[in-house]
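**Student:** Let me begin by handing over the structure; questions about it come next.
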Amino acid sequence: MEFLNKFFGNLLLGESNVLDNREMQIKDSVTTQKATQETTQKILKILESNPKATRKELAEKIGLTPDGIKWNLNKLKKEGIIRRIGPDKGGHWEII
């Protein structure tokens, strides 16, 4: 976002901003990683108190889309942090 602000400032307002995109990408990457870690912690906290929570319930409580929750759950499964016990309907999540 910072890069775009500087870019359009240069383009439209005649400013002379230095467009060092690599540094800005690294900052964005760190911010994204932190947000993902926070989301992961929120999901784990909810599943700890309610192992039968659905993707829809998680999405509503955390403020993500159900697809965003699905992506995070798959990531947690691949990392061996959680696993699904039983069927999609009627099953529950287990934190390993």
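Quick note on naming: the chains in the structure tokens go A, B, ... in the order shown, residues restart at 1 in each chain, and ligands are numbered from 1 in order of appearance.
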When DSSP is applied to the backbone of this structure, which of chain A are assigned strand (DSSP E)? Write them out as a PyMOL selection string.

**Tutor:** chain A and resi 82-85+92-95

**Student:** Just to confirm, what's the straight-line distance from CA of Asn50 in chain A to CA of Arg84 in chain A in Å (one decimal)?

**Tutor:** 13.2 Å

**Student:** Counting only C-alpha atoms, figure out which residue out of A:Ile85, A:Ile96, A:Ile62, A:Leu19 gets nearest to Gln41 in chain A.

**Tutor:**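 Answer, going by the shortest atom-to-atom distance: A:Ile62.
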
**Student:** So the first atom is CA of Gly91 in chain A and the second is CA of Glu38 in chain A; what is the distance between them in Å, to one decimal place?

**Tutor:**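 So the answer is 25.2 Å.
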
**Student:** Just list the residues in chain A DSSP gives helix (DSSP H, G or I) on the backbone, as a short mmCIF file (atom, residue, chain, number, x, y, z; two decimals) with N, CA, C and O atoms, in the first residue's frame.

**Tutor:**
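Contents of the output file result_6.cif:
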data_model
loop_
_atom_site.label_atom_id
_atom_site.label_comp_id
_atom_site.auth_asym_id
_atom_site.auth_seq_id
_atom_site.Cartn_x
_atom_site.Cartn_y
_atom_site.Cartn_z
N GLU A 2 1.92 1.22 0.80
CA GLU A 2 2.82 2.37 0.88
C GLU A 2 3.44 2.65 -0.49
O GLU A 2 3.55 3.80 -0.90
N PHE A 3 3.81 1.58 -1.19
CA PHE A 3 4.40 1.73 -2.52
C PHE A 3 3.44 2.44 -3.46
O PHE A 3 3.81 3.36 -4.18
N LEU A 4 2.17 2.00 -3.45
CA LEU A 4 1.18 2.60 -4.33
C LEU A 4 0.96 4.07 -4.01
O LEU A 4 0.81 4.89 -4.92
N ASN A 5 0.91 4.41 -2.73
CA ASN A 5 0.74 5.82 -2.35
C ASN A 5 1.88 6.66 -2.89
O ASN A 5 1.67 7.75 -3.42
N LYS A 6 3.09 6.17 -2.75
CA LYS A 6 4.25 6.90 -3.25
C LYS A 6 4.24 6.95 -4.78
O LYS A 6 4.54 7.99 -5.38
N PHE A 7 3.90 5.84 -5.41
CA PHE A 7 3.86 5.78 -6.87
C PHE A 7 2.88 6.81 -7.43
O PHE A 7 3.20 7.59 -8.32
N PHE A 8 1.64 6.80 -6.90
CA PHE A 8 0.64 7.72 -7.40
C PHE A 8 0.95 9.17 -7.00
O PHE A 8 0.61 10.09 -7.73
N GLY A 9 1.61 9.35 -5.87
CA GLY A 9 2.07 10.69 -5.50
C GLY A 9 3.04 11.22 -6.54
O GLY A 9 2.97 12.39 -6.95
N ASN A 10 3.95 10.36 -6.98
CA ASN A 10 4.90 10.75 -8.03
C ASN A 10 4.18 11.02 -9.35
O ASN A 10 4.43 12.02 -10.02
N LEU A 11 3.28 10.12 -9.72
CA LEU A 11 2.61 10.18 -11.00
C LEU A 11 1.65 11.36 -11.11
O LEU A 11 1.68 12.12 -12.07
N LEU A 12 0.82 11.51 -10.10
CA LEU A 12 -0.27 12.49 -10.19
C LEU A 12 0.06 13.84 -9.55
O LEU A 12 -0.47 14.86 -9.99
N LEU A 13 0.88 13.82 -8.52
CA LEU A 13 1.14 15.06 -7.78
C LEU A 13 2.52 15.64 -8.02
O LEU A 13 2.87 16.67 -7.44
N ASN A 21 10.64 -0.62 -3.55
CA ASN A 21 9.59 -1.62 -3.38
C ASN A 21 10.04 -2.83 -2.58
O ASN A 21 9.27 -3.41 -1.84
N ARG A 22 11.30 -3.24 -2.69
CA ARG A 22 11.75 -4.43 -1.96
C ARG A 22 11.56 -4.26 -0.46
O ARG A 22 11.04 -5.14 0.20
N GLU A 23 11.94 -3.12 0.08
CA GLU A 23 11.78 -2.89 1.51
C GLU A 23 10.31 -2.90 1.90
O GLU A 23 9.92 -3.45 2.91
N MET A 24 9.48 -2.31 1.06
CA MET A 24 8.05 -2.26 1.37
C MET A 24 7.43 -3.65 1.29
O MET A 24 6.55 -3.98 2.08
N GLN A 25 7.89 -4.50 0.37
CA GLN A 25 7.37 -5.87 0.27
C GLN A 25 7.74 -6.67 1.51
O GLN A 25 6.95 -7.46 1.99
N ILE A 26 8.94 -6.47 2.02
CA ILE A 26 9.37 -7.19 3.22
C ILE A 26 8.50 -6.78 4.41
O ILE A 26 8.05 -7.61 5.18
N LYS A 27 8.22 -5.49 4.54
CA LYS A 27 7.35 -5.01 5.63
C LYS A 27 5.97 -5.64 5.50
O LYS A 27 5.39 -6.09 6.48
N ASP A 28 5.41 -5.67 4.26
CA ASP A 28 4.10 -6.27 4.05
C ASP A 28 4.11 -7.76 4.37
O ASP A 28 3.16 -8.28 4.93
N SER A 29 5.19 -8.44 4.04
CA SER A 29 5.31 -9.87 4.30
C SER A 29 5.31 -10.14 5.80
O SER A 29 4.64 -11.06 6.28
N VAL A 30 6.04 -9.34 6.56
CA VAL A 30 6.08 -9.50 8.01
C VAL A 30 4.70 -9.25 8.61
O VAL A 30 4.24 -9.99 9.48
N THR A 31 4.02 -8.22 8.12
CA THR A 31 2.67 -7.91 8.60
C THR A 31 1.72 -9.05 8.30
O THR A 31 0.91 -9.43 9.15
N THR A 32 1.81 -9.63 7.11
CA THR A 32 0.95 -10.75 6.73
C THR A 32 1.22 -11.97 7.60
O THR A 32 0.29 -12.64 8.04
N GLN A 33 2.48 -12.26 7.87
CA GLN A 33 2.82 -13.40 8.73
C GLN A 33 2.26 -13.21 10.12
O GLN A 33 1.73 -14.15 10.72
N LYS A 34 2.37 -11.99 10.65
CA LYS A 34 1.86 -11.72 12.00
C LYS A 34 0.34 -11.89 12.04
O LYS A 34 -0.20 -12.49 12.97
N ALA A 35 -0.35 -11.39 11.01
CA ALA A 35 -1.81 -11.52 10.95
C ALA A 35 -2.20 -12.99 10.86
O ALA A 35 -3.17 -13.42 11.51
N THR A 36 -1.47 -13.77 10.07
CA THR A 36 -1.76 -15.20 9.95
C THR A 36 -1.56 -15.92 11.28
O THR A 36 -2.38 -16.76 11.66
N GLN A 37 -0.50 -15.57 12.00
CA GLN A 37 -0.26 -16.17 13.31
C GLN A 37 -1.37 -15.82 14.30
O GLN A 37 -1.82 -16.67 15.06
N GLU A 38 -1.82 -14.57 14.25
CA GLU A 38 -2.90 -14.16 15.15
C GLU A 38 -4.19 -14.90 14.81
O GLU A 38 -4.91 -15.34 15.72
N THR A 39 -4.47 -15.06 13.53
CA THR A 39 -5.66 -15.80 13.11
C THR A 39 -5.57 -17.24 13.56
O THR A 39 -6.55 -17.80 14.08
N THR A 40 -4.42 -17.85 13.40
CA THR A 40 -4.20 -19.22 13.84
C THR A 40 -4.46 -19.36 15.33
O THR A 40 -5.14 -20.30 15.77
N GLN A 41 -3.96 -18.44 16.11
CA GLN A 41 -4.17 -18.49 17.56
C GLN A 41 -5.64 -18.34 17.91
O GLN A 41 -6.15 -19.02 18.81
N LYS A 42 -6.35 -17.47 17.21
CA LYS A 42 -7.79 -17.30 17.46
C LYS A 42 -8.54 -18.59 17.15
O LYS A 42 -9.42 -19.00 17.91
N ILE A 43 -8.21 -19.21 16.02
CA ILE A 43 -8.87 -20.47 15.64
C ILE A 43 -8.61 -21.54 16.69
O ILE A 43 -9.54 -22.23 17.13
N LEU A 44 -7.37 -21.68 17.11
CA LEU A 44 -7.04 -22.71 18.10
C LEU A 44 -7.75 -22.45 19.43
O LEU A 44 -8.22 -23.40 20.07
N LYS A 45 -7.86 -21.20 19.82
CA LYS A 45 -8.54 -20.87 21.08
C LYS A 45 -10.02 -21.26 21.00
O LYS A 45 -10.57 -21.83 21.95
N ILE A 46 -10.65 -20.97 19.88
CA ILE A 46 -12.07 -21.32 19.72
C ILE A 46 -12.24 -22.84 19.68
O ILE A 46 -13.13 -23.38 20.33
N LEU A 47 -11.37 -23.53 18.93
CA LEU A 47 -11.49 -24.99 18.85
C LEU A 47 -11.21 -25.66 20.18
O LEU A 47 -11.75 -26.73 20.46
N GLU A 48 -10.38 -25.04 20.99
CA GLU A 48 -10.09 -25.58 22.32
C GLU A 48 -11.34 -25.56 23.19
O GLU A 48 -11.63 -26.52 23.90
N SER A 49 -12.11 -24.48 23.09
CA SER A 49 -13.31 -24.38 23.91
C SER A 49 -14.53 -25.01 23.24
O SER A 49 -15.49 -25.38 23.92
N ARG A 55 -16.90 -24.23 10.26
CA ARG A 55 -16.18 -23.16 9.54
C ARG A 55 -16.99 -21.87 9.57
O ARG A 55 -16.44 -20.78 9.73
N LYS A 56 -18.29 -21.99 9.42
CA LYS A 56 -19.16 -20.81 9.44
C LYS A 56 -19.09 -20.11 10.79
O LYS A 56 -18.98 -18.88 10.87
N GLU A 57 -19.15 -20.87 11.87
CA GLU A 57 -19.05 -20.29 13.21
C GLU A 57 -17.70 -19.62 13.42
O GLU A 57 -17.62 -18.51 13.97
N LEU A 58 -16.62 -20.28 12.99
CA LEU A 58 -15.28 -19.70 13.12
C LEU A 58 -15.19 -18.39 12.33
O LEU A 58 -14.64 -17.41 12.81
N ALA A 59 -15.74 -18.42 11.12
CA ALA A 59 -15.69 -17.23 10.26
C ALA A 59 -16.40 -16.05 10.92
O ALA A 59 -15.90 -14.92 10.93
N GLU A 60 -17.57 -16.32 11.51
CA GLU A 60 -18.34 -15.25 12.15
C GLU A 60 -17.61 -14.70 13.37
O GLU A 60 -17.59 -13.49 13.59
N LYS A 61 -17.00 -15.56 14.16
CA LYS A 61 -16.32 -15.12 15.38
C LYS A 61 -15.02 -14.39 15.09
O LYS A 61 -14.65 -13.48 15.82
N ILE A 62 -14.32 -14.80 14.02
CA ILE A 62 -13.01 -14.22 13.73
C ILE A 62 -13.09 -13.07 12.74
O ILE A 62 -12.26 -12.17 12.76
N PRO A 66 -15.65 -17.94 5.14
CA PRO A 66 -15.50 -19.39 5.34
C PRO A 66 -14.33 -19.98 4.54
O PRO A 66 -13.66 -20.89 5.01
N ASP A 67 -14.06 -19.44 3.35
CA ASP A 67 -12.91 -19.91 2.57
C ASP A 67 -11.60 -19.57 3.26
O ASP A 67 -10.64 -20.34 3.21
N GLY A 68 -11.54 -18.40 3.91
CA GLY A 68 -10.34 -18.03 4.66
C GLY A 68 -10.12 -18.97 5.83
O GLY A 68 -8.98 -19.37 6.12
N ILE A 69 -11.19 -19.35 6.49
CA ILE A 69 -11.11 -20.32 7.59
C ILE A 69 -10.66 -21.67 7.05
O ILE A 69 -9.79 -22.33 7.63
N LYS A 70 -11.22 -22.08 5.91
CA LYS A 70 -10.84 -23.37 5.31
C LYS A 70 -9.34 -23.39 5.01
O LYS A 70 -8.66 -24.38 5.30
N TRP A 71 -8.81 -22.29 4.46
CA TRP A 71 -7.38 -22.20 4.15
C TRP A 71 -6.56 -22.35 5.42
O TRP A 71 -5.58 -23.10 5.46
N ASN A 72 -6.96 -21.65 6.49
CA ASN A 72 -6.23 -21.72 7.75
C ASN A 72 -6.32 -23.10 8.39
O ASN A 72 -5.33 -23.60 8.92
N LEU A 73 -7.48 -23.73 8.33
CA LEU A 73 -7.64 -25.08 8.89
C LEU A 73 -6.76 -26.08 8.12
O LEU A 73 -6.11 -26.93 8.73
N ASN A 74 -6.74 -25.96 6.79
CA ASN A 74 -5.88 -26.85 6.00
C ASN A 74 -4.41 -26.65 6.35
O ASN A 74 -3.65 -27.61 6.43
N LYS A 75 -4.02 -25.41 6.56
CA LYS A 75 -2.65 -25.10 6.94
C LYS A 75 -2.31 -25.74 8.29
O LYS A 75 -1.26 -26.36 8.46
N LEU A 76 -3.23 -25.62 9.25
CA LEU A 76 -3.02 -26.22 10.57
C LEU A 76 -2.96 -27.75 10.48
O LEU A 76 -2.17 -28.38 11.19
N LYS A 77 -3.79 -28.34 9.61
CA LYS A 77 -3.75 -29.80 9.43
C LYS A 77 -2.42 -30.23 8.83
O LYS A 77 -1.82 -31.20 9.29
N LYS A 78 -1.97 -29.54 7.79
CA LYS A 78 -0.70 -29.89 7.15
C LYS A 78 0.48 -29.76 8.11
O LYS A 78 1.44 -30.52 8.03
#

**Student:** Any idea what the distance is between CA of Pro87 in chain A and CA of Gly63 in chain A?

**Tutor:**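 Atom-to-atom, CA of Pro87 in chain A and CA of Gly63 in chain A are spaced 25.1 Å apart.
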
**Student:** Got a sec: who's within 9 Å of Lys52 in chain A, counting only C-alpha atoms, leaving out chain neighbours fewer than 6 positions off, as a short mmCIF file (atom, residue, chain, number, x, y, z; two decimals) with N, CA, C and O atoms, in the first residue's frame?

**Tutor:**
data_model
loop_
_atom_site.label_atom_id
_atom_site.label_comp_id
_atom_site.auth_asym_id
_atom_site.auth_seq_id
_atom_site.Cartn_x
_atom_site.Cartn_y
_atom_site.Cartn_z
N GLY A 90 -21.04 -33.76 12.31
CA GLY A 90 -21.07 -34.62 13.49
C GLY A 90 -19.69 -34.92 14.05
O GLY A 90 -19.57 -35.49 15.12
N GLY A 91 -18.65 -34.54 13.35
CA GLY A 91 -17.30 -34.77 13.85
C GLY A 91 -16.83 -33.61 14.70
O GLY A 91 -17.60 -32.71 15.05
N HIS A 92 -15.54 -33.64 15.05
CA HIS A 92 -14.98 -32.55 15.84
C HIS A 92 -13.49 -32.40 15.55
O HIS A 92 -12.87 -33.26 14.94
N TRP A 93 -12.95 -31.28 15.98
CA TRP A 93 -11.53 -30.98 15.80
C TRP A 93 -10.76 -31.37 17.05
O TRP A 93 -11.24 -31.21 18.16
#
